[in-house]
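Undergrad: Contents of data07.txt (compact mmCIF, C-alpha atoms and all ligand atoms):
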# COMPACT_ATOMS: atom_id res chain seq x y z
CA MET A 1 -18.98 0.34 -17.65
CA SER A 2 -21.31 0.31 -20.63
CA VAL A 3 -20.54 -3.38 -21.30
CA ASN A 4 -21.77 -4.31 -17.81
CA LYS A 5 -24.94 -2.29 -18.30
CA ALA A 6 -25.58 -3.86 -21.69
CA THR A 7 -25.02 -7.43 -20.51
CA LYS A 8 -27.23 -6.92 -17.46
CA SER A 9 -30.13 -6.04 -19.71
CA LEU A 10 -29.23 -8.71 -22.30
CA PHE A 11 -28.97 -11.55 -19.78
CA LYS A 12 -32.32 -10.52 -18.29
CA ALA A 13 -33.86 -11.10 -21.71
CA ALA A 14 -31.86 -14.24 -22.56
CA ASP A 15 -29.82 -16.23 -20.04
CA THR A 16 -29.25 -19.42 -22.05
CA PRO A 17 -27.84 -20.13 -25.53
CA ALA A 18 -31.31 -21.30 -26.66
CA LYS A 19 -32.92 -18.04 -25.57
CA MET A 20 -30.09 -16.07 -27.22
CA VAL A 21 -30.73 -17.85 -30.55
CA ALA A 22 -34.47 -17.22 -30.15
CA LEU A 23 -33.81 -13.54 -29.47
CA GLY A 24 -31.90 -13.29 -32.75
CA GLU A 25 -29.40 -10.71 -33.97
CA GLU A 26 -31.85 -7.81 -33.97
CA GLY A 27 -33.09 -8.68 -30.50
CA VAL A 28 -29.55 -8.94 -29.09
CA ALA A 29 -28.60 -5.69 -30.84
CA GLU A 30 -31.40 -3.83 -29.02
CA HIS A 31 -29.59 -4.46 -25.72
CA ILE A 32 -26.00 -3.76 -26.77
CA ARG A 33 -26.25 -0.73 -29.07
CA THR A 34 -24.33 1.39 -26.55
CA ILE A 35 -21.11 -0.61 -26.90
CA GLY A 36 -18.55 -0.54 -29.70
CA LEU A 37 -18.88 -2.91 -32.67
CA TRP A 38 -22.38 -3.86 -31.46
CA ARG A 39 -23.57 -5.11 -34.85
CA ASN A 40 -20.71 -7.57 -35.15
CA LYS A 41 -20.99 -8.59 -31.52
CA ALA A 42 -24.73 -9.29 -31.84
CA LYS A 43 -24.01 -11.48 -34.85
CA ASN A 44 -21.28 -13.40 -33.03
CA VAL A 45 -23.31 -13.88 -29.84
CA VAL A 46 -26.15 -15.50 -31.77
CA ALA A 47 -23.78 -17.57 -33.92
CA LEU A 48 -21.75 -18.85 -30.96
CA SER A 49 -24.92 -19.63 -29.01
CA ARG A 50 -26.03 -21.77 -31.94
CA VAL A 51 -22.70 -23.66 -32.01
CA ILE A 52 -22.86 -24.20 -28.22
CA LEU A 53 -26.34 -25.64 -28.62
CA GLU A 54 -25.56 -27.83 -31.61
CA GLN A 55 -22.05 -29.03 -30.75
CA HIS A 56 -21.72 -28.75 -26.97
CA ASN A 57 -25.17 -29.71 -25.63
CA GLY A 58 -25.87 -26.12 -24.62
CA LYS A 59 -22.85 -25.89 -22.30
CA THR A 60 -19.94 -23.49 -22.70
CA PRO A 61 -16.97 -25.64 -23.75
CA ARG A 62 -14.11 -25.85 -21.31
CA THR A 63 -11.07 -26.31 -23.51
CA ARG A 64 -9.19 -23.46 -25.13
CA GLU A 65 -9.39 -25.18 -28.50
CA ASP A 66 -13.19 -25.45 -28.42
CA LEU A 67 -13.61 -21.95 -27.04
CA GLU A 68 -11.42 -20.37 -29.72
CA ALA A 69 -13.39 -22.22 -32.40
CA LEU A 70 -16.54 -20.27 -31.40
CA PRO A 71 -17.45 -17.27 -33.61
CA GLY A 72 -15.90 -14.06 -32.27
CA VAL A 73 -13.88 -15.78 -29.52
CA GLY A 74 -10.13 -15.19 -29.61
CA HIS A 75 -7.26 -16.07 -27.31
CA LYS A 76 -8.00 -13.30 -24.78
CA THR A 77 -11.70 -14.09 -24.44
CA ALA A 78 -10.95 -17.80 -24.10
CA SER A 79 -8.51 -16.97 -21.28
CA VAL A 80 -11.18 -14.95 -19.48
CA VAL A 81 -13.75 -17.78 -19.75
CA LEU A 82 -11.25 -20.42 -18.59
CA ASN A 83 -10.35 -18.21 -15.63
CA GLU A 84 -13.80 -16.93 -14.60
CA ALA A 85 -16.00 -19.88 -15.45
CA TYR A 86 -13.64 -22.79 -14.91
CA GLY A 87 -11.16 -21.51 -12.33
CA GLU A 88 -8.05 -21.93 -14.43
CA ALA A 89 -4.94 -19.88 -13.73
CA THR A 90 -4.93 -17.93 -17.00
CA ILE A 91 -3.91 -14.29 -17.37
CA ALA A 92 -5.79 -12.46 -20.13
CA VAL A 93 -3.79 -9.57 -21.58
CA ASP A 94 -5.86 -6.61 -22.75
CA THR A 95 -4.65 -3.09 -23.50
CA HIS A 96 -4.49 -2.16 -19.78
CA VAL A 97 -2.60 -5.28 -18.73
CA PHE A 98 -0.20 -4.79 -21.65
CA ARG A 99 0.54 -1.17 -20.70
CA VAL A 100 0.91 -1.76 -16.95
CA SER A 101 3.12 -4.82 -17.48
CA ASN A 102 5.46 -2.83 -19.70
CA ARG A 103 5.56 0.39 -17.70
CA THR A 104 6.16 -1.25 -14.34
CA GLY A 105 8.76 -3.66 -15.64
CA LEU A 106 6.70 -6.64 -14.50
CA ALA A 107 6.60 -8.16 -17.99
CA PRO A 108 8.24 -5.81 -20.49
CA GLU A 109 7.50 -7.43 -23.84
CA SER A 110 6.55 -6.35 -27.34
CA THR A 111 3.33 -8.33 -27.92
CA PRO A 112 0.34 -9.38 -25.78
CA GLU A 113 1.30 -13.04 -26.30
CA LYS A 114 4.82 -12.45 -24.95
CA VAL A 115 3.48 -10.39 -22.04
CA GLU A 116 1.08 -13.22 -21.17
CA LYS A 117 3.87 -15.79 -21.25
CA ARG A 118 6.11 -13.63 -19.05
CA LEU A 119 3.32 -12.82 -16.58
CA LEU A 120 2.58 -16.53 -16.19
CA GLU A 121 6.26 -17.08 -15.42
CA VAL A 122 6.64 -14.32 -12.83
CA THR A 123 3.26 -14.48 -11.07
CA PRO A 124 3.10 -16.83 -8.07
CA ASP A 125 0.48 -19.56 -8.51
CA THR A 126 -1.75 -18.28 -5.70
CA TYR A 127 -2.13 -14.92 -7.47
CA LYS A 128 -2.49 -16.10 -11.05
CA ARG A 129 -6.27 -16.25 -11.07
CA GLY A 130 -6.71 -12.70 -9.78
CA ALA A 131 -3.78 -11.12 -11.61
CA HIS A 132 -5.58 -9.98 -14.75
CA HIS A 133 -8.30 -8.25 -12.70
CA TRP A 134 -5.80 -6.38 -10.55
CA LEU A 135 -3.72 -5.31 -13.51
CA ILE A 136 -6.78 -4.20 -15.50
CA LEU A 137 -8.13 -2.18 -12.56
CA HIS A 138 -4.74 -0.60 -11.95
CA GLY A 139 -4.54 0.38 -15.61
CA ARG A 140 -8.10 1.63 -15.77
CA TYR A 141 -8.10 3.74 -12.61
CA THR A 142 -4.49 4.66 -11.79
CA CYS A 143 -1.97 3.92 -14.53
CA LEU A 144 -4.06 5.59 -17.26
CA ALA A 145 -2.74 5.52 -20.80
CA ARG A 146 -2.39 9.27 -21.33
CA LYS A 147 -2.06 10.49 -17.77
CA PRO A 148 -0.71 7.91 -15.34
CA GLY A 149 -1.52 8.81 -11.73
CA CYS A 150 2.02 8.25 -10.46
CA PRO A 151 1.85 10.68 -7.51
CA GLU A 152 -0.90 8.62 -5.85
CA CYS A 153 0.15 5.20 -7.19
CA VAL A 154 0.65 2.56 -4.47
CA ILE A 155 3.45 0.84 -6.37
CA ARG A 156 5.25 3.99 -7.35
CA ASP A 157 8.41 2.95 -5.46
CA LEU A 158 8.51 -0.39 -7.28
CA CYS A 159 7.59 0.83 -10.77
CA LEU A 160 10.39 1.11 -13.32
CA TYR A 161 8.60 3.51 -15.72
CA GLU A 162 11.15 6.15 -16.67
CA ALA A 163 8.54 8.79 -17.46
CA LYS A 164 6.84 8.55 -14.05
CA THR A 165 4.93 11.77 -13.41
CA GLY A 166 5.21 13.96 -10.29
CA GLU A 167 8.89 13.40 -9.55
S1 LIG A 201 4.09 4.75 -10.91
FE1 LIG A 201 2.97 5.63 -12.64
S2 LIG A 201 3.67 4.49 -14.43
FE2 LIG A 201 4.17 3.29 -12.59
S3 LIG A 201 2.44 1.90 -12.28
FE3 LIG A 201 2.11 3.69 -11.03
S4 LIG A 201 0.84 5.03 -12.31
FE4 LIG A 201 1.78 3.51 -13.67
Just give me the structure as structure tokens.
Ligand code: SF4

TA:
Amino acid sequence: MSVNKATKSLFKAADTPAKMVALGEEGVAEHIRTIGLWRNKAKNVVALSRVILEQHNGKTPRTREDLEALPGVGHKTASVVLNEAYGEATIAVDTHVFRVSNRTGLAPESTPEKVEKRLLEVTPDTYKRGAHHWLILHGRYTCLARKPGCPECVIRDLCLYEAKTGE
């Protein structure tokens, strides 16, 4: 993924909020030009690094409220940080998770917020932390948006999607 390539190079150049601020918007942009909305993202990364330094002693905050107050950080990103960095049982809903949840019947809802709420209700506690990864990977590599790979899908027998391909 281009995001992983970009962050690998970026974190080599700056692996702390202080170094990110020192690198500056132009410096950050040099590393992330291959990803979408790079100009805006470079701006936000420097701005949020500054807030982390000035208001959180250089440490990524660990409450949803503080995370969502950072520039460029919304509900989904905060969920990912709480899950990955702090081990909380959150389920971040991106476009893949939204699609897979609806097609399979796991959490058929009209908005990402409702899908998240439903997924948290139906997912056993032991699987909550990993759930968003598994759903993202399933959506990215098997249940593709335009051409779902139903014939080779391992949950084909459980999936409720009416337009399953390869019947
Ligand atoms: S059977 Fe098809 S629609 Fe259902 S989850 Fe698998 S790939 Fe997606």

Undergrad: State, in Å with one decimal place, the distance from atom CA of Tyr161 of chain A to atom CA of Arg103 of chain A.

TA: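 Spanning atom CA of Tyr161 of chain A to atom CA of Arg103 of chain A is a straight-line distance of 4.8 Å.
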
Undergrad: Write out as a ChimeraX atom specification the residues lying within 9 Å of Val73 of chain A, counting all atoms listed in the file and excluding same-chain residues fewer than 6 positions away.

TA: /A:44,48,67

Undergrad: What are the closest atom pairs, with distances in Å to one decimal, for each residue of chain A lying within 6 Å of ligand LIG 201 (chain A), using only C-alpha atoms and all ligand atoms, rows by chain and rising residue number, as a tab-separated table?

TA:
residue	atom	partner	partner_atom	distance
A:Arg103	CA	A:LIG201	S2	5.6
A:Thr104	CA	A:LIG201	FE2	5.3
A:Thr142	CA	A:LIG201	S4	5.4
A:Cys143	CA	A:LIG201	S4	3.7
A:Pro148	CA	A:LIG201	S4	4.5
A:Gly149	CA	A:LIG201	S4	4.5
A:Cys150	CA	A:LIG201	FE1	3.5
A:Cys153	CA	A:LIG201	FE3	4.6
A:Ile155	CA	A:LIG201	FE3	5.6
A:Arg156	CA	A:LIG201	S1	3.8
A:Cys159	CA	A:LIG201	FE2	4.6
A:Tyr161	CA	A:LIG201	S2	5.2
A:Lys164	CA	A:LIG201	FE1	5.0

Undergrad: Keeping only C-alpha atoms, write the selected residues as a short mmCIF file (atom, residue, chain, number, x, y, z; two decimals), keeping the file's coordinate frame.

TA:
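Below is the file out-v8.cif, written as the result:
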data_model
loop_
_atom_site.label_atom_id
_atom_site.label_comp_id
_atom_site.auth_asym_id
_atom_site.auth_seq_id
_atom_site.Cartn_x
_atom_site.Cartn_y
_atom_site.Cartn_z
CA ARG A 103 5.56 0.39 -17.70
CA THR A 104 6.16 -1.25 -14.34
CA THR A 142 -4.49 4.66 -11.79
CA CYS A 143 -1.97 3.92 -14.53
CA PRO A 148 -0.71 7.91 -15.34
CA GLY A 149 -1.52 8.81 -11.73
CA CYS A 150 2.02 8.25 -10.46
CA CYS A 153 0.15 5.20 -7.19
CA ILE A 155 3.45 0.84 -6.37
CA ARG A 156 5.25 3.99 -7.35
CA CYS A 159 7.59 0.83 -10.77
CA TYR A 161 8.60 3.51 -15.72
CA LYS A 164 6.84 8.55 -14.05
#

Undergrad: Grab the atom CA of Val93 of chain A to atom CA of Gly105 of chain A distance for me, in Å with one decimal place.

TA: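 Value for the atom CA of Val93 of chain A-atom CA of Gly105 of chain A distance: 15.1 Å.
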
Undergrad: Find the residue from A:Thr16, A:Ile136, A:Ser101, A:Pro124 that sits nearest to Thr60 of chain A; use only C-alpha atoms when measuring.

TA: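 Smallest distance to Thr60 of chain A is found for A:Thr16.
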
Undergrad: Extract, using all atoms listed in the file, all DNA, RNA and protein residues at most 10 Å from segment 118-122 of chain A, discarding same-chain residues fewer than 6 positions from it, and format them as a short mmCIF file (atom, residue, chain, number, x, y, z; two decimals) with C-alpha atoms, in the coordinates of the input.

TA:
data_model
loop_
_atom_site.label_atom_id
_atom_site.label_comp_id
_atom_site.auth_asym_id
_atom_site.auth_seq_id
_atom_site.Cartn_x
_atom_site.Cartn_y
_atom_site.Cartn_z
CA ALA A 89 -4.94 -19.88 -13.73
CA THR A 90 -4.93 -17.93 -17.00
CA ILE A 91 -3.91 -14.29 -17.37
CA ALA A 92 -5.79 -12.46 -20.13
CA VAL A 93 -3.79 -9.57 -21.58
CA VAL A 97 -2.60 -5.28 -18.73
CA SER A 101 3.12 -4.82 -17.48
CA LEU A 106 6.70 -6.64 -14.50
CA ALA A 107 6.60 -8.16 -17.99
CA PRO A 108 8.24 -5.81 -20.49
CA GLU A 109 7.50 -7.43 -23.84
CA PRO A 112 0.34 -9.38 -25.78
CA LYS A 128 -2.49 -16.10 -11.05
CA ALA A 131 -3.78 -11.12 -11.61
CA HIS A 132 -5.58 -9.98 -14.75
#
